[in-house]
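A.B. asks: Below is one structure. I have some questions about it.
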Number of protein chains: 2
Amino acid sequence: MSEPPNQVISPSKAAARIRVAAADAFASSGYGGTTTREIAARLDMSPAAMYPHYRSKEELLFAISYEGHTATLDVVTRADLPDELPSTRLRALIGAFAVWQATHHTQARVVQYELNALTTEHYREVVRLRREITRIVRAVVDAGAASGEFTVPDSEGVTLALMSLCVDICRWFPAGAYTEPKVVADLYAGLAMRMVGAG
Amino acid sequence: MSEPPNQVISPSKAAARIRVAAADAFASSGYGGTTTREIAARLDMSPAAMYPHYRSKEELLFAISYEGHTATLDVVTRADLPDELPSTRLRALIGAFAVWQATHHTQARVVQYELNALTTEHYREVVRLRREITRIVRAVVDAGAASGEFTVPDSEGVTLALMSLCVDICRWFPAGAYTEPKVVADLYAGLAMRMVGAG
């Protein structure tokens with residue numbers, strides 16, 4: 001596992017402000033339609049002042065993607081309760097994942113839709129984090145299938161579907177009656193139970 | 001309902017070849033990372049020869065998006081069987097939707113991830129098609145809820161989730177054991193039954 005570059009985990013307030021401004025710019029104009037100059041202008045900074053923090057637009061995209069995936073992984077990891085029943089674990093996991101995706105839908109959407117713009121090395125780093133998130137969901141599905149609490153046609157397929165539900169929230173949220181992350185979480189935790197054939 | 005511009009529905013082979021080349025270019029380099037010159041070069045055409053068909057990169061993106069959404073709407077409309085039981089209808093609908101999304105995952109992904117790059121007018125046109133697709137799925141969920149065949153917590157929410165399953169296929173397909181569109185369709189038709197509380 002390679003170490004993330006320093007600027008990704010930079011705790012500096014300036015770097016954090018630049019990441020937020022870049023995510024907003026990418027969300028409104030697309031990654032390809034945004035220049036580093038425009039990102040700097042959003043912060044009344046010169047491009048030269050931004051350079052020590054992020055040397056390129058791609059570095060910024062990677063920082064945003066890395067931060068988003070790390071935060072998701074952290075949320076999912078903390079939500080998991082390995083000593084509880086698989087159904088309790090899955091409810092908690094899907095609920096927390098859904099709340100995160102709905103709350104951070106703008107950032108999640110950039111992270112999601114611009115993955116192809118990353119360098120191969122950075123893409124691999126992000127895919128590694130995605131696999132860890134999937135692995136946590138899969139472990140709970142497997143545990144429920146093993147204990148008999150879940151009846152799944154296929155653990156791999158159900159996990160793909162559960163991941164889809166949560167990942168795709170950034171595309172549509174908010175919509176209709178679903179304007180509160182907690183309401184999406186309750187709906188999806190319940191649907192997850194049905195999908196695994198529990199309760 | 002406004003009429004689509006001529007070039008979108010152009011039956012000319014040249015226009016169709018340009019749309020395919022553009023979708024491939026957008027898929028590999030992103031919309032922002034592609035020039036019309038590069039698209040023309042993929043076809044050994046000059047940009048001037050492409051101009052009578054599509055006058056801008058955005059027009060091409062709209063044509064691809066319009067074509068993709070029209071095809072999806074067509075597939076979903078043809079799959080629906082209004083005289084059958086809601087469970088039969090939903091299985092057919094989700095299965096056909098999933099097969100289309102998996103088979104055309106490259107095009108679907110471009111359509112999905114670059115929506116923000118469309119002009120406001122073109123975006124609205126695509127959103128109108130999306131709403132028609134959602135409306136068809138929702139009508140089946142409502143029919144099953146009304147007949148008592150389905151037990152849904154909320155028709156709107158379950159429809160959002162069913163749409164997510166199908167739309168997000170373009171992100172991950174193919175993966176693991178899911179390399180055939182028909183296998184995804186069978187999995188998702190079965191999960192859809194569970195999500196609506198049928199069978």
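Labels for the structure tokens follow display order: chains A, B, ..., residues from 1 in each chain, ligands from 1.
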Using only C-alpha atoms, find which residues of chain A lie within 10 Å of chain B and jot them down as a PyMOL selection string.

C.D. replies: chain A and resi 27-34+109-110+112-117+152-154+156-158+160-169+171-173+175-178+183-184+187-188+190-197

A.B. asks: Just fit chain B onto chain A on all the Cα atoms, in order, by least squares, and give it as a PDB file with C-alpha atoms, in the first residue's frame.

C.D. replies:
ATOM      1  CA  MET B   1      -0.108  -0.050   0.160  1.00  0.00           C
ATOM      2  CA  SER B   2       1.600   3.163  -0.971  1.00  0.00           C
ATOM      3  CA  GLU B   3       1.526   6.301   1.138  1.00  0.00           C
ATOM      4  CA  PRO B   4      -0.669   9.124  -0.138  1.00  0.00           C
ATOM      5  CA  PRO B   5       1.265  12.187  -1.242  1.00  0.00           C
ATOM      6  CA  ASN B   6       1.698  14.867   1.407  1.00  0.00           C
ATOM      7  CA  GLN B   7      -0.568  17.409  -0.190  1.00  0.00           C
ATOM      8  CA  VAL B   8      -3.506  14.989  -0.084  1.00  0.00           C
ATOM      9  CA  ILE B   9      -3.465  14.700   3.667  1.00  0.00           C
ATOM     10  CA  SER B  10      -2.309  18.273   4.200  1.00  0.00           C
ATOM     11  CA  PRO B  11      -4.085  19.549   7.304  1.00  0.00           C
ATOM     12  CA  SER B  12      -3.494  23.174   6.275  1.00  0.00           C
ATOM     13  CA  LYS B  13      -6.581  25.351   6.148  1.00  0.00           C
ATOM     14  CA  ALA B  14      -5.440  26.860   2.862  1.00  0.00           C
ATOM     15  CA  ALA B  15      -5.202  23.419   1.232  1.00  0.00           C
ATOM     16  CA  ALA B  16      -8.643  22.476   2.561  1.00  0.00           C
ATOM     17  CA  ARG B  17     -10.145  25.705   1.198  1.00  0.00           C
ATOM     18  CA  ILE B  18      -8.564  25.037  -2.189  1.00  0.00           C
ATOM     19  CA  ARG B  19     -10.035  21.518  -2.283  1.00  0.00           C
ATOM     20  CA  VAL B  20     -13.516  22.835  -1.489  1.00  0.00           C
ATOM     21  CA  ALA B  21     -13.257  25.574  -4.147  1.00  0.00           C
ATOM     22  CA  ALA B  22     -11.993  23.051  -6.701  1.00  0.00           C
ATOM     23  CA  ALA B  23     -14.803  20.583  -5.939  1.00  0.00           C
ATOM     24  CA  ASP B  24     -17.361  23.378  -6.390  1.00  0.00           C
ATOM     25  CA  ALA B  25     -15.745  24.451  -9.660  1.00  0.00           C
ATOM     26  CA  PHE B  26     -15.594  20.881 -10.997  1.00  0.00           C
ATOM     27  CA  ALA B  27     -19.210  20.308  -9.951  1.00  0.00           C
ATOM     28  CA  SER B  28     -20.459  23.355 -11.824  1.00  0.00           C
ATOM     29  CA  SER B  29     -18.204  23.397 -14.906  1.00  0.00           C
ATOM     30  CA  GLY B  30     -16.869  19.833 -15.044  1.00  0.00           C
ATOM     31  CA  TYR B  31     -13.220  18.929 -14.542  1.00  0.00           C
ATOM     32  CA  GLY B  32     -12.374  19.501 -18.202  1.00  0.00           C
ATOM     33  CA  GLY B  33     -14.167  22.842 -18.210  1.00  0.00           C
ATOM     34  CA  THR B  34     -12.274  24.244 -15.222  1.00  0.00           C
ATOM     35  CA  THR B  35      -8.803  25.816 -15.087  1.00  0.00           C
ATOM     36  CA  THR B  36      -6.557  26.111 -12.021  1.00  0.00           C
ATOM     37  CA  ARG B  37      -6.689  29.867 -12.643  1.00  0.00           C
ATOM     38  CA  GLU B  38     -10.480  29.795 -12.148  1.00  0.00           C
ATOM     39  CA  ILE B  39     -10.135  27.797  -8.951  1.00  0.00           C
ATOM     40  CA  ALA B  40      -7.614  30.297  -7.601  1.00  0.00           C
ATOM     41  CA  ALA B  41      -9.901  33.170  -8.620  1.00  0.00           C
ATOM     42  CA  ARG B  42     -12.728  31.696  -6.506  1.00  0.00           C
ATOM     43  CA  LEU B  43     -10.458  32.200  -3.488  1.00  0.00           C
ATOM     44  CA  ASP B  44      -8.994  35.557  -4.516  1.00  0.00           C
ATOM     45  CA  MET B  45      -5.673  33.774  -4.790  1.00  0.00           C
ATOM     46  CA  SER B  46      -3.103  33.906  -7.549  1.00  0.00           C
ATOM     47  CA  PRO B  47      -2.315  30.626  -9.331  1.00  0.00           C
ATOM     48  CA  ALA B  48       1.240  31.047  -7.974  1.00  0.00           C
ATOM     49  CA  ALA B  49      -0.069  31.087  -4.383  1.00  0.00           C
ATOM     50  CA  MET B  50      -1.969  27.854  -5.031  1.00  0.00           C
ATOM     51  CA  TYR B  51       1.030  26.083  -6.530  1.00  0.00           C
ATOM     52  CA  PRO B  52       2.809  25.136  -3.265  1.00  0.00           C
ATOM     53  CA  HIS B  53      -0.375  23.308  -2.198  1.00  0.00           C
ATOM     54  CA  TYR B  54      -1.389  21.674  -5.481  1.00  0.00           C
ATOM     55  CA  ARG B  55       0.831  21.712  -8.523  1.00  0.00           C
ATOM     56  CA  SER B  56      -1.825  20.716 -11.050  1.00  0.00           C
ATOM     57  CA  LYS B  57      -5.538  20.350 -11.590  1.00  0.00           C
ATOM     58  CA  GLU B  58      -5.136  16.571 -11.576  1.00  0.00           C
ATOM     59  CA  GLU B  59      -3.412  16.690  -8.178  1.00  0.00           C
ATOM     60  CA  LEU B  60      -6.399  18.604  -6.883  1.00  0.00           C
ATOM     61  CA  LEU B  61      -8.850  16.107  -8.348  1.00  0.00           C
ATOM     62  CA  PHE B  62      -6.882  13.289  -6.767  1.00  0.00           C
ATOM     63  CA  ALA B  63      -6.853  15.077  -3.406  1.00  0.00           C
ATOM     64  CA  ILE B  64     -10.649  15.514  -3.565  1.00  0.00           C
ATOM     65  CA  SER B  65     -11.163  11.894  -4.637  1.00  0.00           C
ATOM     66  CA  TYR B  66      -8.765  10.581  -2.032  1.00  0.00           C
ATOM     67  CA  GLU B  67     -10.367  12.667   0.702  1.00  0.00           C
ATOM     68  CA  GLY B  68     -13.892  11.605  -0.346  1.00  0.00           C
ATOM     69  CA  HIS B  69     -13.061   7.921  -0.492  1.00  0.00           C
ATOM     70  CA  THR B  70     -11.085   7.994   2.757  1.00  0.00           C
ATOM     71  CA  ALA B  71     -14.001   9.692   4.497  1.00  0.00           C
ATOM     72  CA  THR B  72     -16.464   7.143   3.093  1.00  0.00           C
ATOM     73  CA  LEU B  73     -14.241   4.259   4.140  1.00  0.00           C
ATOM     74  CA  ASP B  74     -13.926   5.787   7.587  1.00  0.00           C
ATOM     75  CA  VAL B  75     -17.702   6.260   7.948  1.00  0.00           C
ATOM     76  CA  VAL B  76     -18.412   2.711   6.799  1.00  0.00           C
ATOM     77  CA  THR B  77     -15.686   1.249   9.037  1.00  0.00           C
ATOM     78  CA  ARG B  78     -16.976   3.097  12.093  1.00  0.00           C
ATOM     79  CA  ALA B  79     -20.587   2.121  11.328  1.00  0.00           C
ATOM     80  CA  ASP B  80     -19.786  -1.564  11.231  1.00  0.00           C
ATOM     81  CA  LEU B  81     -20.466  -3.421  14.478  1.00  0.00           C
ATOM     82  CA  PRO B  82     -18.742  -6.808  14.132  1.00  0.00           C
ATOM     83  CA  ASP B  83     -20.228  -8.166  17.357  1.00  0.00           C
ATOM     84  CA  GLU B  84     -23.831  -7.541  16.295  1.00  0.00           C
ATOM     85  CA  LEU B  85     -26.135  -9.662  14.138  1.00  0.00           C
ATOM     86  CA  PRO B  86     -25.497  -9.336  10.384  1.00  0.00           C
ATOM     87  CA  SER B  87     -28.908  -7.658   9.921  1.00  0.00           C
ATOM     88  CA  THR B  88     -28.073  -5.007  12.552  1.00  0.00           C
ATOM     89  CA  ARG B  89     -24.663  -4.524  10.946  1.00  0.00           C
ATOM     90  CA  LEU B  90     -26.048  -4.175   7.422  1.00  0.00           C
ATOM     91  CA  ARG B  91     -28.697  -1.669   8.500  1.00  0.00           C
ATOM     92  CA  ALA B  92     -26.049   0.436  10.258  1.00  0.00           C
ATOM     93  CA  LEU B  93     -23.613   0.181   7.364  1.00  0.00           C
ATOM     94  CA  ILE B  94     -26.040   1.065   4.572  1.00  0.00           C
ATOM     95  CA  GLY B  95     -27.624   3.807   6.667  1.00  0.00           C
ATOM     96  CA  ALA B  96     -24.278   5.475   7.404  1.00  0.00           C
ATOM     97  CA  PHE B  97     -23.085   5.078   3.803  1.00  0.00           C
ATOM     98  CA  ALA B  98     -26.329   6.602   2.497  1.00  0.00           C
ATOM     99  CA  VAL B  99     -26.178   9.538   4.928  1.00  0.00           C
ATOM    100  CA  TRP B 100     -22.609  10.300   3.871  1.00  0.00           C
ATOM    101  CA  GLN B 101     -23.384  10.115   0.148  1.00  0.00           C
ATOM    102  CA  ALA B 102     -26.496  12.269   0.470  1.00  0.00           C
ATOM    103  CA  THR B 103     -24.857  14.862   2.722  1.00  0.00           C
ATOM    104  CA  HIS B 104     -21.792  15.170   0.496  1.00  0.00           C
ATOM    105  CA  HIS B 105     -23.545  14.623  -2.831  1.00  0.00           C
ATOM    106  CA  THR B 106     -21.735  17.436  -4.669  1.00  0.00           C
ATOM    107  CA  GLN B 107     -18.299  16.183  -3.697  1.00  0.00           C
ATOM    108  CA  ALA B 108     -19.362  12.553  -4.202  1.00  0.00           C
ATOM    109  CA  ARG B 109     -20.541  13.355  -7.693  1.00  0.00           C
ATOM    110  CA  VAL B 110     -17.260  14.967  -8.717  1.00  0.00           C
ATOM    111  CA  VAL B 111     -15.354  12.026  -7.238  1.00  0.00           C
ATOM    112  CA  GLN B 112     -17.625   9.613  -9.066  1.00  0.00           C
ATOM    113  CA  TYR B 113     -17.920  11.188 -12.465  1.00  0.00           C
ATOM    114  CA  GLU B 114     -14.360  12.385 -13.012  1.00  0.00           C
ATOM    115  CA  LEU B 115     -12.450   9.234 -11.992  1.00  0.00           C
ATOM    116  CA  ASN B 116     -11.266   8.756 -15.567  1.00  0.00           C
ATOM    117  CA  ALA B 117      -9.382  12.049 -15.450  1.00  0.00           C
ATOM    118  CA  LEU B 118      -6.973  10.712 -12.802  1.00  0.00           C
ATOM    119  CA  THR B 119      -3.505   9.460 -13.719  1.00  0.00           C
ATOM    120  CA  THR B 120      -3.181   5.678 -13.730  1.00  0.00           C
ATOM    121  CA  GLU B 121      -1.317   5.720 -10.420  1.00  0.00           C
ATOM    122  CA  HIS B 122      -3.880   7.947  -8.721  1.00  0.00           C
ATOM    123  CA  TYR B 123      -6.770   5.977 -10.202  1.00  0.00           C
ATOM    124  CA  ARG B 124      -5.311   2.779  -8.710  1.00  0.00           C
ATOM    125  CA  GLU B 125      -5.029   4.442  -5.311  1.00  0.00           C
ATOM    126  CA  VAL B 126      -8.724   5.402  -5.400  1.00  0.00           C
ATOM    127  CA  VAL B 127      -9.783   1.977  -6.680  1.00  0.00           C
ATOM    128  CA  ARG B 128      -7.920   0.417  -3.738  1.00  0.00           C
ATOM    129  CA  LEU B 129     -10.055   2.488  -1.329  1.00  0.00           C
ATOM    130  CA  ARG B 130     -13.231   1.541  -3.219  1.00  0.00           C
ATOM    131  CA  ARG B 131     -12.356  -2.125  -2.913  1.00  0.00           C
ATOM    132  CA  GLU B 132     -11.928  -1.731   0.844  1.00  0.00           C
ATOM    133  CA  ILE B 133     -15.400  -0.199   1.127  1.00  0.00           C
ATOM    134  CA  THR B 134     -16.898  -2.986  -0.989  1.00  0.00           C
ATOM    135  CA  ARG B 135     -15.032  -5.585   1.081  1.00  0.00           C
ATOM    136  CA  ILE B 136     -16.670  -4.330   4.294  1.00  0.00           C
ATOM    137  CA  VAL B 137     -20.176  -4.535   2.791  1.00  0.00           C
ATOM    138  CA  ARG B 138     -19.408  -7.942   1.307  1.00  0.00           C
ATOM    139  CA  ALA B 139     -18.153  -9.288   4.659  1.00  0.00           C
ATOM    140  CA  VAL B 140     -21.495  -8.467   6.285  1.00  0.00           C
ATOM    141  CA  VAL B 141     -23.457 -10.053   3.427  1.00  0.00           C
ATOM    142  CA  ASP B 142     -21.254 -13.149   3.703  1.00  0.00           C
ATOM    143  CA  ALA B 143     -21.688 -13.270   7.491  1.00  0.00           C
ATOM    144  CA  GLY B 144     -25.476 -13.162   7.162  1.00  0.00           C
ATOM    145  CA  ALA B 145     -25.468 -15.800   4.437  1.00  0.00           C
ATOM    146  CA  ALA B 146     -23.243 -18.021   6.592  1.00  0.00           C
ATOM    147  CA  SER B 147     -25.370 -17.611   9.715  1.00  0.00           C
ATOM    148  CA  GLY B 148     -28.576 -18.219   7.786  1.00  0.00           C
ATOM    149  CA  GLU B 149     -29.979 -14.820   8.714  1.00  0.00           C
ATOM    150  CA  PHE B 150     -29.747 -13.765   5.040  1.00  0.00           C
ATOM    151  CA  THR B 151     -30.910 -15.687   1.995  1.00  0.00           C
ATOM    152  CA  VAL B 152     -29.017 -14.253  -0.944  1.00  0.00           C
ATOM    153  CA  PRO B 153     -29.030 -15.488  -4.524  1.00  0.00           C
ATOM    154  CA  ASP B 154     -25.321 -14.601  -4.716  1.00  0.00           C
ATOM    155  CA  SER B 155     -23.226 -12.557  -2.259  1.00  0.00           C
ATOM    156  CA  GLU B 156     -21.152 -10.886  -4.963  1.00  0.00           C
ATOM    157  CA  GLY B 157     -24.192  -9.775  -6.947  1.00  0.00           C
ATOM    158  CA  VAL B 158     -26.128  -8.513  -3.934  1.00  0.00           C
ATOM    159  CA  THR B 159     -23.052  -6.568  -2.796  1.00  0.00           C
ATOM    160  CA  LEU B 160     -22.754  -4.949  -6.247  1.00  0.00           C
ATOM    161  CA  ALA B 161     -26.412  -3.926  -5.989  1.00  0.00           C
ATOM    162  CA  LEU B 162     -26.052  -2.550  -2.437  1.00  0.00           C
ATOM    163  CA  MET B 163     -23.016  -0.530  -3.522  1.00  0.00           C
ATOM    164  CA  SER B 164     -24.981   0.811  -6.524  1.00  0.00           C
ATOM    165  CA  LEU B 165     -27.811   2.028  -4.316  1.00  0.00           C
ATOM    166  CA  CYS B 166     -25.421   4.026  -2.126  1.00  0.00           C
ATOM    167  CA  VAL B 167     -23.007   5.264  -4.789  1.00  0.00           C
ATOM    168  CA  ASP B 168     -25.775   6.477  -7.105  1.00  0.00           C
ATOM    169  CA  ILE B 169     -27.343   8.708  -4.428  1.00  0.00           C
ATOM    170  CA  CYS B 170     -25.043  11.529  -5.570  1.00  0.00           C
ATOM    171  CA  ARG B 171     -26.743  11.486  -8.995  1.00  0.00           C
ATOM    172  CA  TRP B 172     -30.291  12.131  -7.837  1.00  0.00           C
ATOM    173  CA  PHE B 173     -30.190  13.520  -4.288  1.00  0.00           C
ATOM    174  CA  PRO B 174     -32.218  15.527  -3.355  1.00  0.00           C
ATOM    175  CA  ALA B 175     -35.397  14.437  -5.164  1.00  0.00           C
ATOM    176  CA  GLY B 176     -39.095  14.636  -4.359  1.00  0.00           C
ATOM    177  CA  ALA B 177     -39.765  13.632  -0.763  1.00  0.00           C
ATOM    178  CA  TYR B 178     -36.137  12.579  -0.305  1.00  0.00           C
ATOM    179  CA  THR B 179     -34.461  15.791   0.740  1.00  0.00           C
ATOM    180  CA  GLU B 180     -33.059  14.663   4.091  1.00  0.00           C
ATOM    181  CA  PRO B 181     -30.096  12.265   4.240  1.00  0.00           C
ATOM    182  CA  LYS B 182     -31.680  10.431   7.191  1.00  0.00           C
ATOM    183  CA  VAL B 183     -34.846   9.692   5.192  1.00  0.00           C
ATOM    184  CA  VAL B 184     -32.780   8.147   2.382  1.00  0.00           C
ATOM    185  CA  ALA B 185     -30.817   6.153   4.978  1.00  0.00           C
ATOM    186  CA  ASP B 186     -33.999   4.701   6.504  1.00  0.00           C
ATOM    187  CA  LEU B 187     -35.399   3.778   3.091  1.00  0.00           C
ATOM    188  CA  TYR B 188     -32.155   2.149   1.948  1.00  0.00           C
ATOM    189  CA  ALA B 189     -31.493   0.298   5.212  1.00  0.00           C
ATOM    190  CA  GLY B 190     -34.964  -1.246   4.863  1.00  0.00           C
ATOM    191  CA  LEU B 191     -34.476  -2.078   1.165  1.00  0.00           C
ATOM    192  CA  ALA B 192     -31.095  -3.643   1.978  1.00  0.00           C
ATOM    193  CA  MET B 193     -32.861  -5.967   4.451  1.00  0.00           C
ATOM    194  CA  ARG B 194     -35.231  -7.029   1.698  1.00  0.00           C
ATOM    195  CA  MET B 195     -32.439  -7.504  -0.846  1.00  0.00           C
ATOM    196  CA  VAL B 196     -30.600  -9.931   1.430  1.00  0.00           C
ATOM    197  CA  GLY B 197     -33.833 -11.716   2.330  1.00  0.00           C
ATOM    198  CA  ALA B 198     -33.776 -10.753   6.032  1.00  0.00           C
ATOM    199  CA  GLY B 199     -36.617  -9.646   8.256  1.00  0.00           C
TER     200      GLY B 199
END

A.B. asks: Could you pull out the alpha helix (DSSP H) residues of stretch 64-180 of chain B, going by DSSP on the backbone, and write them as a PyMOL selection string?

C.D. replies: chain B and resi 64-79+86-103+105-113+120-147+155-167+169-172

A.B. asks: Give me a file of those residues, with C-alpha atoms, as a tab-separated table (two decimals), in the first residue's frame.

C.D. replies:
chain	number	residue	atom	x	y	z
B	64	ILE	CA	-25.19	10.82	-28.00
B	65	SER	CA	-27.22	11.56	-24.86
B	66	TYR	CA	-30.43	11.95	-26.81
B	67	GLU	CA	-29.83	8.74	-28.73
B	68	GLY	CA	-28.94	6.82	-25.54
B	69	HIS	CA	-31.96	8.02	-23.62
B	70	THR	CA	-34.33	7.50	-26.55
B	71	ALA	CA	-33.05	3.95	-26.95
B	72	THR	CA	-33.45	3.27	-23.23
B	73	LEU	CA	-36.96	4.70	-23.23
B	74	ASP	CA	-37.79	2.58	-26.26
B	75	VAL	CA	-36.42	-0.61	-24.66
B	76	VAL	CA	-38.29	0.02	-21.42
B	77	THR	CA	-41.52	0.91	-23.25
B	78	ARG	CA	-41.38	-2.23	-25.37
B	79	ALA	CA	-40.56	-4.40	-22.35
B	86	PRO	CA	-47.29	-6.11	-11.95
B	87	SER	CA	-44.65	-8.66	-10.86
B	88	THR	CA	-44.33	-10.01	-14.43
B	89	ARG	CA	-44.16	-6.44	-15.73
B	90	LEU	CA	-41.50	-5.35	-13.24
B	91	ARG	CA	-39.32	-8.39	-13.93
B	92	ALA	CA	-39.52	-7.72	-17.68
B	93	LEU	CA	-38.89	-4.00	-17.28
B	94	ILE	CA	-35.90	-4.24	-14.95
B	95	GLY	CA	-34.44	-7.12	-16.94
B	96	ALA	CA	-34.63	-5.23	-20.24
B	97	PHE	CA	-33.32	-2.01	-18.66
B	98	ALA	CA	-30.39	-3.88	-17.10
B	99	VAL	CA	-29.52	-5.67	-20.36
B	100	TRP	CA	-29.49	-2.36	-22.23
B	101	GLN	CA	-27.33	-0.60	-19.63
B	102	ALA	CA	-24.86	-3.48	-19.43
B	103	THR	CA	-24.63	-3.96	-23.20
B	105	HIS	CA	-22.16	0.55	-20.72
B	106	THR	CA	-19.56	2.73	-22.46
B	107	GLN	CA	-22.16	4.93	-24.11
B	108	ALA	CA	-24.33	4.90	-20.98
B	109	ARG	CA	-21.41	6.07	-18.90
B	110	VAL	CA	-20.65	9.02	-21.16
B	111	VAL	CA	-24.34	9.95	-21.20
B	112	GLN	CA	-24.46	9.65	-17.42
B	113	TYR	CA	-21.28	11.35	-16.37
B	120	THR	CA	-29.53	24.20	-20.39
B	121	GLU	CA	-31.92	23.56	-23.27
B	122	HIS	CA	-30.33	20.23	-24.18
B	123	TYR	CA	-30.10	19.19	-20.53
B	124	ARG	CA	-33.85	19.80	-20.16
B	125	GLU	CA	-34.54	17.67	-23.23
B	126	VAL	CA	-32.57	14.76	-21.74
B	127	VAL	CA	-34.17	15.19	-18.31
B	128	ARG	CA	-37.59	14.98	-19.99
B	129	LEU	CA	-36.64	11.57	-21.43
B	130	ARG	CA	-35.31	10.43	-18.03
B	131	ARG	CA	-38.58	11.38	-16.40
B	132	GLU	CA	-40.49	9.31	-18.95
B	133	ILE	CA	-38.36	6.27	-18.14
B	134	THR	CA	-38.86	6.80	-14.41
B	135	ARG	CA	-42.60	7.28	-14.96
B	136	ILE	CA	-42.89	3.84	-16.61
B	137	VAL	CA	-41.10	2.11	-13.71
B	138	ARG	CA	-43.14	4.07	-11.19
B	139	ALA	CA	-46.43	3.12	-12.89
B	140	VAL	CA	-45.63	-0.58	-12.45
B	141	VAL	CA	-44.65	-0.09	-8.80
B	142	ASP	CA	-47.89	1.83	-8.24
B	143	ALA	CA	-49.94	-0.86	-10.01
B	144	GLY	CA	-48.46	-3.58	-7.80
B	145	ALA	CA	-48.99	-1.53	-4.65
B	146	ALA	CA	-52.60	-0.87	-5.68
B	147	SER	CA	-53.33	-4.52	-6.49
B	155	SER	CA	-43.51	3.96	-4.23
B	156	GLU	CA	-41.39	7.03	-4.93
B	157	GLY	CA	-38.47	5.79	-2.85
B	158	VAL	CA	-38.54	2.25	-4.23
B	159	THR	CA	-38.66	3.66	-7.77
B	160	LEU	CA	-35.60	5.83	-7.04
B	161	ALA	CA	-33.79	2.73	-5.80
B	162	LEU	CA	-34.80	0.60	-8.82
B	163	MET	CA	-33.62	3.36	-11.16
B	164	SER	CA	-30.30	3.55	-9.26
B	165	LEU	CA	-29.68	-0.17	-9.67
B	166	CYS	CA	-30.11	0.04	-13.45
B	167	VAL	CA	-28.46	3.40	-14.09
B	169	ILE	CA	-24.62	-0.61	-14.04
B	170	CYS	CA	-22.55	1.51	-16.44
B	171	ARG	CA	-20.15	2.35	-13.59
B	172	TRP	CA	-19.16	-1.19	-12.67
